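Asks: Provided herewith: target08.csv, CSV, C-alpha atoms.
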```csv
chain,number,residue,atom,x,y,z
D,3,MET,CA,-8.3,61.4,-44.0
D,4,THR,CA,-11.4,60.5,-46.0
D,5,ALA,CA,-11.1,60.0,-49.8
D,6,PHE,CA,-10.3,63.3,-51.4
D,7,TRP,CA,-13.0,62.8,-54.1
D,8,THR,CA,-15.7,62.9,-51.5
D,9,GLN,CA,-14.5,66.3,-50.1
D,10,ALA,CA,-16.8,69.3,-50.6
D,11,ASP,CA,-14.1,71.2,-52.4
D,12,PHE,CA,-13.4,68.4,-55.0
D,13,ASP,CA,-14.7,69.7,-58.3
D,14,ALA,CA,-14.0,67.0,-60.9
D,15,HIS,CA,-10.3,67.7,-60.5
D,16,GLU,CA,-8.3,65.9,-63.3
D,17,GLY,CA,-5.6,64.9,-60.8
D,18,VAL,CA,-4.6,65.1,-57.2
D,19,HIS,CA,-1.0,64.0,-56.7
D,20,PHE,CA,0.6,63.2,-53.3
D,21,PHE,CA,4.4,63.3,-53.0
D,22,HIS,CA,6.6,62.2,-50.1
D,23,ASP,CA,10.4,62.0,-50.0
D,24,ALA,CA,11.7,60.6,-46.7
D,25,THR,CA,15.3,61.7,-47.3
D,26,SER,CA,14.5,65.4,-47.8
D,27,GLY,CA,11.4,65.5,-45.6
D,28,LEU,CA,9.2,66.7,-48.5
D,29,THR,CA,5.4,66.1,-48.2
D,30,ALA,CA,3.4,67.9,-50.9
D,31,ILE,CA,0.2,67.8,-52.8
D,32,ILE,CA,-0.2,69.0,-56.4
D,33,ALA,CA,-3.8,69.4,-57.6
D,34,LEU,CA,-4.7,69.8,-61.2
D,35,HIS,CA,-8.3,71.1,-61.6
D,36,SER,CA,-8.4,71.6,-65.4
D,37,THR,CA,-6.0,71.5,-68.3
D,38,HIS,CA,-8.7,72.4,-70.9
D,39,LEU,CA,-6.9,75.6,-71.9
D,40,GLY,CA,-3.3,74.5,-71.2
D,41,PRO,CA,-1.1,73.1,-68.5
D,42,GLY,CA,-2.3,73.7,-64.9
D,43,ALA,CA,-0.6,76.9,-63.7
D,44,GLY,CA,-0.5,78.2,-60.2
D,45,GLY,CA,1.9,78.9,-57.3
D,46,THR,CA,3.2,76.7,-54.6
D,47,ARG,CA,2.2,77.4,-51.0
D,48,PHE,CA,4.7,76.5,-48.2
D,49,TRP,CA,2.7,76.4,-45.0
D,50,HIS,CA,2.4,74.6,-41.7
D,51,TYR,CA,-1.0,73.0,-41.5
D,52,ALA,CA,-2.5,72.0,-38.2
D,53,GLN,CA,-4.3,69.1,-40.0
D,54,PRO,CA,-3.5,67.4,-43.4
D,55,GLU,CA,-7.1,67.9,-44.4
D,56,ASP,CA,-6.4,71.6,-44.4
D,57,ALA,CA,-3.6,71.2,-46.9
D,58,LEU,CA,-5.8,69.1,-49.2
D,59,ARG,CA,-8.6,71.7,-48.9
D,60,ASP,CA,-6.2,74.5,-49.9
D,61,ALA,CA,-4.9,72.5,-52.9
D,62,LEU,CA,-8.4,71.7,-54.1
D,63,ARG,CA,-9.9,75.2,-53.6
D,64,LEU,CA,-6.8,77.1,-54.9
D,65,SER,CA,-6.4,74.9,-58.0
D,66,ARG,CA,-10.0,75.4,-59.0
D,67,GLY,CA,-9.6,79.1,-58.4
D,68,MET,CA,-6.6,79.1,-60.7
D,69,SER,CA,-8.6,77.5,-63.5
D,70,TYR,CA,-11.1,80.3,-63.2
D,71,LYS,CA,-8.4,83.0,-62.8
D,72,ASN,CA,-6.4,81.9,-65.8
D,73,ALA,CA,-9.5,81.6,-68.0
D,74,MET,CA,-10.8,85.0,-67.0
D,75,ALA,CA,-7.4,86.6,-67.6
D,76,GLY,CA,-7.4,85.2,-71.2
D,77,LEU,CA,-4.4,83.0,-70.6
D,78,PRO,CA,-3.6,79.7,-72.3
D,79,MET,CA,-3.3,78.0,-69.0
D,80,GLY,CA,-5.4,75.6,-66.9
D,81,GLY,CA,-5.6,75.5,-63.2
D,82,GLY,CA,-3.2,73.9,-60.8
D,83,LYS,CA,-1.8,74.5,-57.3
D,84,ALA,CA,0.8,72.9,-55.1
D,85,VAL,CA,1.1,72.9,-51.3
D,86,ILE,CA,4.2,71.8,-49.4
D,87,LEU,CA,3.3,70.8,-45.8
D,88,ALA,CA,5.9,72.6,-43.8
D,89,GLY,CA,7.0,71.6,-40.3
D,90,PRO,CA,6.3,73.8,-37.3
D,91,ASP,CA,9.7,75.5,-37.8
D,92,ARG,CA,8.8,76.1,-41.5
D,93,ARG,CA,12.4,75.1,-42.5
D,94,LYS,CA,13.2,74.7,-46.1
D,95,SER,CA,16.3,72.9,-47.3
D,96,PRO,CA,18.0,72.7,-50.7
D,97,GLU,CA,17.2,69.0,-50.6
D,98,LEU,CA,13.5,69.6,-50.0
D,99,LEU,CA,13.3,72.1,-52.9
D,100,ALA,CA,15.2,69.7,-55.2
D,101,ALA,CA,12.8,66.9,-54.3
D,102,PHE,CA,9.9,69.2,-55.0
D,103,GLY,CA,11.3,70.1,-58.4
D,104,ASP,CA,11.6,66.4,-59.2
D,105,ALA,CA,8.0,66.0,-58.3
D,106,ILE,CA,6.9,68.7,-60.7
D,107,GLN,CA,9.1,67.2,-63.4
D,108,SER,CA,7.5,63.8,-62.9
D,109,LEU,CA,4.2,65.3,-64.1
D,110,GLY,CA,5.8,66.0,-67.5
D,111,GLY,CA,4.7,69.6,-68.0
D,112,ARG,CA,1.1,69.2,-66.8
D,113,TYR,CA,1.8,71.6,-63.9
D,114,ILE,CA,3.7,74.9,-64.1
D,115,THR,CA,4.6,76.4,-60.7
D,116,ALA,CA,5.4,79.9,-59.4
D,117,GLU,CA,5.7,81.5,-55.9
D,118,ASP,CA,2.9,81.8,-53.4
D,119,VAL,CA,2.7,82.2,-49.6
D,120,GLY,CA,6.0,81.0,-48.0
D,121,MET,CA,7.8,80.7,-51.3
D,122,GLY,CA,10.0,83.4,-53.0
D,123,GLU,CA,12.1,84.1,-56.0
D,124,ALA,CA,15.2,82.2,-54.7
D,125,ASP,CA,13.0,79.1,-54.2
D,126,MET,CA,11.9,79.3,-57.8
D,127,VAL,CA,15.5,79.5,-58.9
D,128,ALA,CA,16.3,76.4,-56.9
D,129,ILE,CA,13.4,74.5,-58.2
D,130,SER,CA,14.3,75.5,-61.8
D,131,SER,CA,17.6,73.5,-61.5
D,132,ARG,CA,15.4,70.3,-61.5
D,133,THR,CA,12.6,71.2,-63.9
D,134,PRO,CA,11.9,73.8,-66.6
D,135,PHE,CA,8.2,73.9,-65.6
D,136,VAL,CA,8.6,76.9,-63.2
D,137,THR,CA,8.3,80.7,-63.6
D,138,GLY,CA,8.8,83.8,-61.6
D,139,LEU,CA,12.5,83.7,-62.3
D,140,PRO,CA,14.7,86.8,-62.1
D,141,ALA,CA,14.3,89.3,-65.0
D,142,ALA,CA,17.3,90.0,-67.2
D,143,ASP,CA,16.8,93.7,-66.9
D,144,SER,CA,14.1,96.4,-66.1
D,145,THR,CA,12.5,96.0,-69.5
D,146,ALA,CA,11.8,92.3,-69.0
D,147,ALA,CA,9.2,90.6,-66.9
D,148,GLY,CA,10.3,88.2,-64.2
D,149,GLY,CA,10.8,87.7,-60.5
D,150,ASP,CA,8.3,88.6,-57.8
D,151,PRO,CA,4.8,88.8,-59.4
D,152,GLY,CA,3.5,90.6,-56.3
D,153,PRO,CA,3.7,94.2,-57.7
D,154,PHE,CA,1.6,93.1,-60.7
D,155,THR,CA,-1.0,91.6,-58.4
D,156,ALA,CA,-1.0,94.7,-56.3
D,157,LYS,CA,-1.5,96.9,-59.4
D,158,GLY,CA,-4.5,94.8,-60.5
D,159,VAL,CA,-6.0,95.1,-57.0
D,160,TYR,CA,-5.5,98.9,-57.1
D,161,LEU,CA,-7.1,99.1,-60.5
D,162,GLY,CA,-9.9,96.8,-59.4
D,163,ILE,CA,-10.6,99.0,-56.3
D,164,LYS,CA,-10.8,102.0,-58.6
D,165,ALA,CA,-13.2,100.2,-60.9
D,166,ALA,CA,-15.4,99.2,-57.9
D,167,VAL,CA,-15.5,102.8,-56.6
D,168,LEU,CA,-16.7,103.9,-60.0
D,169,GLN,CA,-19.2,101.1,-60.2
D,170,LYS,CA,-20.7,101.5,-56.7
D,171,LEU,CA,-20.0,105.1,-55.7
D,172,GLY,CA,-19.9,106.8,-59.1
D,173,ARG,CA,-16.6,108.3,-58.4
D,174,ASP,CA,-13.8,108.2,-61.1
D,175,SER,CA,-11.0,108.7,-58.5
D,176,VAL,CA,-10.1,107.2,-55.2
D,177,GLU,CA,-9.0,110.6,-53.8
D,178,GLY,CA,-10.6,110.8,-50.3
D,179,VAL,CA,-12.0,107.3,-50.5
D,180,HIS,CA,-11.5,105.4,-47.3
D,181,VAL,CA,-10.0,101.9,-47.8
D,182,ALA,CA,-9.5,99.4,-45.0
D,183,VAL,CA,-6.7,97.1,-46.0
D,184,GLN,CA,-6.4,93.7,-44.4
D,185,GLY,CA,-2.9,92.4,-44.9
D,186,THR,CA,0.0,94.6,-45.7
D,187,GLY,CA,2.4,92.1,-47.3
D,188,SER,CA,3.5,92.2,-51.0
D,189,VAL,CA,0.0,92.6,-52.4
D,190,GLY,CA,-1.8,94.5,-49.7
D,191,GLY,CA,1.2,96.7,-49.1
D,192,GLY,CA,1.7,97.4,-52.8
D,193,ALA,CA,-1.9,98.2,-53.3
D,194,ALA,CA,-1.9,100.5,-50.3
D,195,ARG,CA,1.1,102.5,-51.7
D,196,LEU,CA,-0.7,103.0,-55.0
D,197,LEU,CA,-3.9,104.0,-53.2
D,198,ALA,CA,-2.0,106.5,-51.0
D,199,GLN,CA,-0.3,108.0,-54.1
D,200,ALA,CA,-3.8,108.5,-55.5
D,201,GLY,CA,-5.0,110.3,-52.4
D,202,ALA,CA,-7.0,107.6,-50.7
D,203,LYS,CA,-7.5,107.5,-46.9
D,204,LEU,CA,-6.1,104.3,-45.5
D,205,THR,CA,-6.6,102.1,-42.4
D,206,LEU,CA,-4.2,99.2,-42.2
D,207,ALA,CA,-4.0,96.0,-40.3
D,208,ASP,CA,-1.8,92.9,-40.3
D,209,VAL,CA,-1.2,89.9,-38.1
D,210,GLU,CA,2.4,91.2,-37.9
D,211,ALA,CA,1.5,94.5,-36.3
D,212,THR,CA,5.0,95.9,-36.8
D,213,ARG,CA,4.6,95.6,-40.5
D,214,SER,CA,1.4,97.5,-40.8
D,215,ALA,CA,2.7,100.1,-38.3
D,216,ALA,CA,5.8,100.7,-40.5
D,217,LEU,CA,3.7,101.0,-43.6
D,218,ALA,CA,1.3,103.3,-41.9
D,219,ALA,CA,4.2,105.6,-40.8
D,220,GLU,CA,5.4,105.6,-44.4
D,221,LEU,CA,2.0,106.5,-45.9
D,222,GLY,CA,0.5,108.6,-43.2
D,223,ALA,CA,-2.2,106.0,-42.6
D,224,GLU,CA,-4.0,104.7,-39.5
D,225,THR,CA,-3.8,101.2,-38.1
D,226,VAL,CA,-6.1,99.0,-36.1
D,227,ALA,CA,-5.6,95.5,-34.6
D,228,ALA,CA,-5.8,92.6,-37.1
D,229,ASP,CA,-9.0,91.3,-35.5
D,230,ALA,CA,-10.7,94.8,-35.8
D,231,ILE,CA,-10.2,95.7,-39.4
D,232,MET,CA,-13.5,94.2,-40.6
D,233,ASP,CA,-15.3,96.5,-38.2
D,234,VAL,CA,-13.9,99.7,-39.7
D,235,ALA,CA,-16.5,102.0,-41.2
D,236,CYS,CA,-15.1,102.8,-44.6
D,237,ASP,CA,-15.8,102.9,-48.4
D,238,VAL,CA,-13.9,99.8,-49.4
D,239,PHE,CA,-12.9,96.8,-47.4
D,240,SER,CA,-9.8,95.2,-49.1
D,241,PRO,CA,-8.9,91.7,-47.9
D,242,ASN,CA,-5.4,90.8,-48.9
D,243,ALA,CA,-4.5,88.0,-46.4
D,244,LEU,CA,-5.7,84.4,-46.3
D,245,GLY,CA,-9.2,83.4,-47.5
D,246,ALA,CA,-12.6,82.3,-46.3
D,247,ILE,CA,-13.1,85.5,-44.3
D,248,LEU,CA,-16.4,86.3,-45.8
D,249,ASP,CA,-18.6,84.0,-43.7
D,250,ASP,CA,-21.8,84.8,-41.8
D,251,GLU,CA,-20.0,86.5,-39.0
D,252,GLY,CA,-17.5,88.4,-41.2
D,253,ILE,CA,-20.2,89.7,-43.5
D,254,ALA,CA,-22.3,90.9,-40.6
D,255,ARG,CA,-19.4,92.9,-39.3
D,256,LEU,CA,-18.7,94.8,-42.5
D,257,GLN,CA,-19.3,98.5,-42.6
D,258,ALA,CA,-18.3,99.1,-46.2
D,259,PRO,CA,-20.4,99.2,-49.5
D,260,ILE,CA,-17.5,97.5,-51.4
D,261,VAL,CA,-15.3,94.4,-51.0
D,262,ALA,CA,-12.3,94.4,-53.3
D,263,GLY,CA,-9.0,92.8,-52.4
D,264,GLY,CA,-6.4,90.3,-53.5
D,265,ALA,CA,-6.9,87.4,-51.1
D,266,ASN,CA,-7.9,84.1,-52.7
D,267,ASN,CA,-11.2,82.3,-51.9
D,268,GLN,CA,-12.7,85.2,-49.9
D,269,LEU,CA,-16.2,83.7,-49.8
D,270,ALA,CA,-16.3,81.0,-47.2
D,271,ARG,CA,-19.1,79.2,-49.0
D,272,ALA,CA,-21.1,79.7,-52.2
D,273,GLU,CA,-24.1,81.3,-50.5
D,274,HIS,CA,-22.0,84.1,-49.1
D,275,GLY,CA,-22.0,86.0,-52.4
D,276,ALA,CA,-25.8,86.3,-52.0
D,277,LYS,CA,-25.4,87.4,-48.4
D,278,LEU,CA,-23.1,90.3,-49.5
D,279,ALA,CA,-25.7,91.3,-52.1
D,280,GLU,CA,-28.5,91.2,-49.5
D,281,ARG,CA,-26.6,93.8,-47.6
D,282,GLY,CA,-26.1,95.9,-50.7
D,283,ILE,CA,-22.3,95.3,-50.7
D,284,LEU,CA,-20.6,95.2,-54.1
D,285,TYR,CA,-18.3,92.1,-54.3
D,286,THR,CA,-15.3,92.1,-56.6
D,287,PRO,CA,-14.6,88.5,-57.6
D,288,ASP,CA,-11.2,87.7,-56.1
D,289,TYR,CA,-9.8,85.6,-59.0
D,290,VAL,CA,-10.4,88.4,-61.4
D,291,ILE,CA,-9.1,91.4,-59.4
D,292,ASN,CA,-6.0,89.4,-58.3
D,293,GLY,CA,-5.0,88.1,-61.7
D,294,GLY,CA,-2.1,90.4,-62.2
D,295,GLY,CA,0.5,88.1,-60.8
D,296,ILE,CA,-0.5,85.0,-62.8
D,297,ILE,CA,-0.6,87.2,-65.9
D,298,ALA,CA,3.0,88.3,-65.3
D,299,VAL,CA,4.4,84.9,-64.6
D,300,THR,CA,2.5,83.2,-67.5
D,301,LEU,CA,3.7,85.8,-70.0
D,302,GLU,CA,7.2,85.4,-68.6
D,303,TYR,CA,7.0,81.6,-68.9
D,304,LEU,CA,5.6,81.6,-72.4
D,305,ALA,CA,8.2,84.0,-73.6
D,306,ARG,CA,11.1,82.0,-72.1
D,307,ARG,CA,9.7,78.8,-73.5
D,308,ASP,CA,9.7,80.4,-76.9
D,309,GLY,CA,13.3,81.6,-76.5
D,310,HIS,CA,12.9,85.3,-75.8
D,311,ALA,CA,12.5,87.8,-72.9
D,312,CYS,CA,9.0,89.0,-72.0
D,313,ASP,CA,8.5,92.8,-72.5
D,314,VAL,CA,7.3,94.2,-69.2
D,315,ALA,CA,5.2,96.7,-71.0
D,316,GLN,CA,3.2,93.7,-72.4
D,317,VAL,CA,2.5,92.6,-68.8
D,318,HIS,CA,1.3,96.1,-67.7
D,319,GLU,CA,-1.0,96.2,-70.7
D,320,ALA,CA,-2.6,92.9,-69.8
D,321,VAL,CA,-3.0,93.8,-66.2
D,322,GLU,CA,-4.7,97.1,-67.2
D,323,ALA,CA,-7.5,95.0,-68.8
D,324,ILE,CA,-8.7,93.8,-65.4
D,325,PRO,CA,-11.1,96.7,-64.8
D,326,ALA,CA,-13.0,96.1,-68.1
D,327,ARG,CA,-13.5,92.4,-67.1
D,328,LEU,CA,-14.9,93.5,-63.7
D,329,HIS,CA,-17.3,96.0,-65.2
D,330,ALA,CA,-18.6,93.3,-67.6
D,331,ILE,CA,-19.2,91.0,-64.6
D,332,TRP,CA,-21.0,93.7,-62.6
D,333,ASP,CA,-23.1,94.8,-65.6
D,334,GLU,CA,-24.2,91.3,-66.3
D,335,ALA,CA,-25.0,90.8,-62.6
D,336,ALA,CA,-27.1,93.9,-62.6
D,337,SER,CA,-29.0,93.0,-65.7
D,338,SER,CA,-29.6,89.3,-64.9
D,339,GLY,CA,-30.3,89.6,-61.1
D,340,ARG,CA,-27.5,87.3,-60.3
D,341,THR,CA,-24.6,88.0,-58.0
D,342,PRO,CA,-21.1,88.9,-59.3
D,343,ASP,CA,-19.6,85.7,-58.0
D,344,VAL,CA,-22.2,83.6,-59.8
D,345,VAL,CA,-21.8,85.5,-63.0
D,346,ALA,CA,-18.0,85.3,-62.9
D,347,ASP,CA,-18.1,81.5,-62.1
D,348,ALA,CA,-20.4,80.9,-65.1
D,349,MET,CA,-18.2,82.9,-67.4
D,350,ALA,CA,-15.1,80.9,-66.3
D,351,GLN,CA,-16.9,77.6,-66.5
D,352,ARG,CA,-17.8,78.2,-70.1
D,353,LEU,CA,-14.2,79.1,-70.9
D,354,ILE,CA,-12.9,75.8,-69.4
D,355,GLY,CA,-15.6,73.8,-71.1
D,356,ARG,CA,-17.7,72.9,-68.0
```
Would you mind writing the structure in this file as structure tokens?
Replies:
Amino acid sequence: MTAFWTQADFDAHEGVHFFHDATSGLTAIIALHSTHLGPGAGGTRFWHYAQPEDALRDALRLSRGMSYKNAMAGLPMGGGKAVILAGPDRRKSPELLAAFGDAIQSLGGRYITAEDVGMGEADMVAISSRTPFVTGLPAADSTAAGGDPGPFTAKGVYLGIKAAVLQKLGRDSVEGVHVAVQGTGSVGGGAARLLAQAGAKLTLADVEATRSAALAAELGAETVAADAIMDVACDVFSPNALGAILDDEGIARLQAPIVAGGANNQLARAEHGAKLAERGILYTPDYVINGGGIIAVTLEYLARRDGHACDVAQVHEAVEAIPARLHAIWDEAASSGRTPDVVADAMAQRLIGR
């Protein structure tokens, strides 16, 4: 592997930490992009990577995205991200989670973790036995925030889709709006349920075809194969799986005037925001629309740190501010002639002092 600071995705990261524990089998990277606004906060991804360079790329890109996401959400947190390099069997052991908790603890509070792909609430509980710098822990009751942040991310995506439909199509409702949803896990599936309740027409796809089929049966939606969802003629293409799908080929395939979804790092490269604009497609910056989850776990963490429970109503109120941020980005993009991704990046960079 070449030196990480020469990688294209290295962006003056404050720290990139490698951890290995032979006894438990832990191999992990924790990347801290910026702590200008507070400790680096971002989830841990547990994934089997074909090449270690792919894990480093994820850590670098996702930690930078968390700096921007937290700043744009108005949170007192910087940007960090962890990846645990899983084996082909993706097996997690109590010893591995304990070793990872010790790794987080060794950073002295500079990194706050939460769940991400491959990690769940039970894993956060296990890690919390070794370090207090973890959030997404079970809520005491229904009035308190805690546990799986996915529903809050899904709510933000749903509200962001509604905002994009208003901005691009001039419609103040998603009733009858055709949304093609790529990925029907916690976030995509949650957003699809909210869209269905509001009367949207849905086409669903997932690499686990049984999952999208079950959700389609529940919601009265249609399904297509995972590799065909970007070809669906629709009003909104909503990517909610893994990132970097908006490359030259992907953008050329789109038959939708709007892209709005919860996946991280949707643009494969910086120039792809302009390519979307050239096609007249309204882009919804991913780290703004998908900020609901980090809002939830950050408010939970801050409340617990200060010795009290977090009122779930406070989280909902903060998530409901996402559409206003999106409209501000789109309006500035329209008035300045810049693309929404460039405008959002500039806003976030100012907030983190860069």
Asks: So which residues touch Asn266 in chain D within 7 Å, counting all atoms listed in the file, skipping near sequence neighbours fewer than 6 positions away, as a count of residues only?
Replies: 4
Asks: The residues within 8 Å of (-14.2, 74.8, -51.0), using all atoms listed in the file and the coordinates of the file, should be reported as a list in words; which are they?
Replies: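 These residues have at least one counted atom within 8 Å: Ala10, Asp11, Phe12, Arg59, Leu62, Arg63, Ala270 and Arg271 of chain D.
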Asks: So how far away is CA of Leu221 in chain D from CA of Pro287 in chain D, in Å?
Replies: 27.1 Å
Asks: With a distance cut-off of 9 Å and only C-alpha atoms, select the neighbouring residues of Glu123 in chain D, excluding the residue or stretch itself and same-chain residues fewer than 6 positions from it, and output the selection as an mmCIF file with C-alpha atoms, keeping the file's coordinate frame.
Replies:
```cif
data_model
loop_
_atom_site.group_PDB
_atom_site.id
_atom_site.type_symbol
_atom_site.label_atom_id
_atom_site.label_comp_id
_atom_site.auth_asym_id
_atom_site.auth_seq_id
_atom_site.Cartn_x
_atom_site.Cartn_y
_atom_site.Cartn_z
ATOM 1 C CA ALA D 116 5.400 79.900 -59.400
ATOM 2 C CA GLU D 117 5.700 81.500 -55.900
ATOM 3 C CA GLY D 138 8.800 83.800 -61.600
ATOM 4 C CA LEU D 139 12.500 83.700 -62.300
ATOM 5 C CA PRO D 140 14.700 86.800 -62.100
ATOM 6 C CA GLY D 149 10.800 87.700 -60.500
ATOM 7 C CA ASP D 150 8.300 88.600 -57.800
#
```
Asks: Given the choices D:Thr186, D:Thr137, D:Gln257, D:Ser144, which gets closest to Arg307 in chain D if the distance is worked out from all atoms listed in the file?
Replies: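 Checking each of D:Thr186, D:Thr137, D:Gln257, D:Ser144 against Arg307 in chain D, counting all atoms listed in the file, the winner is D:Thr137.
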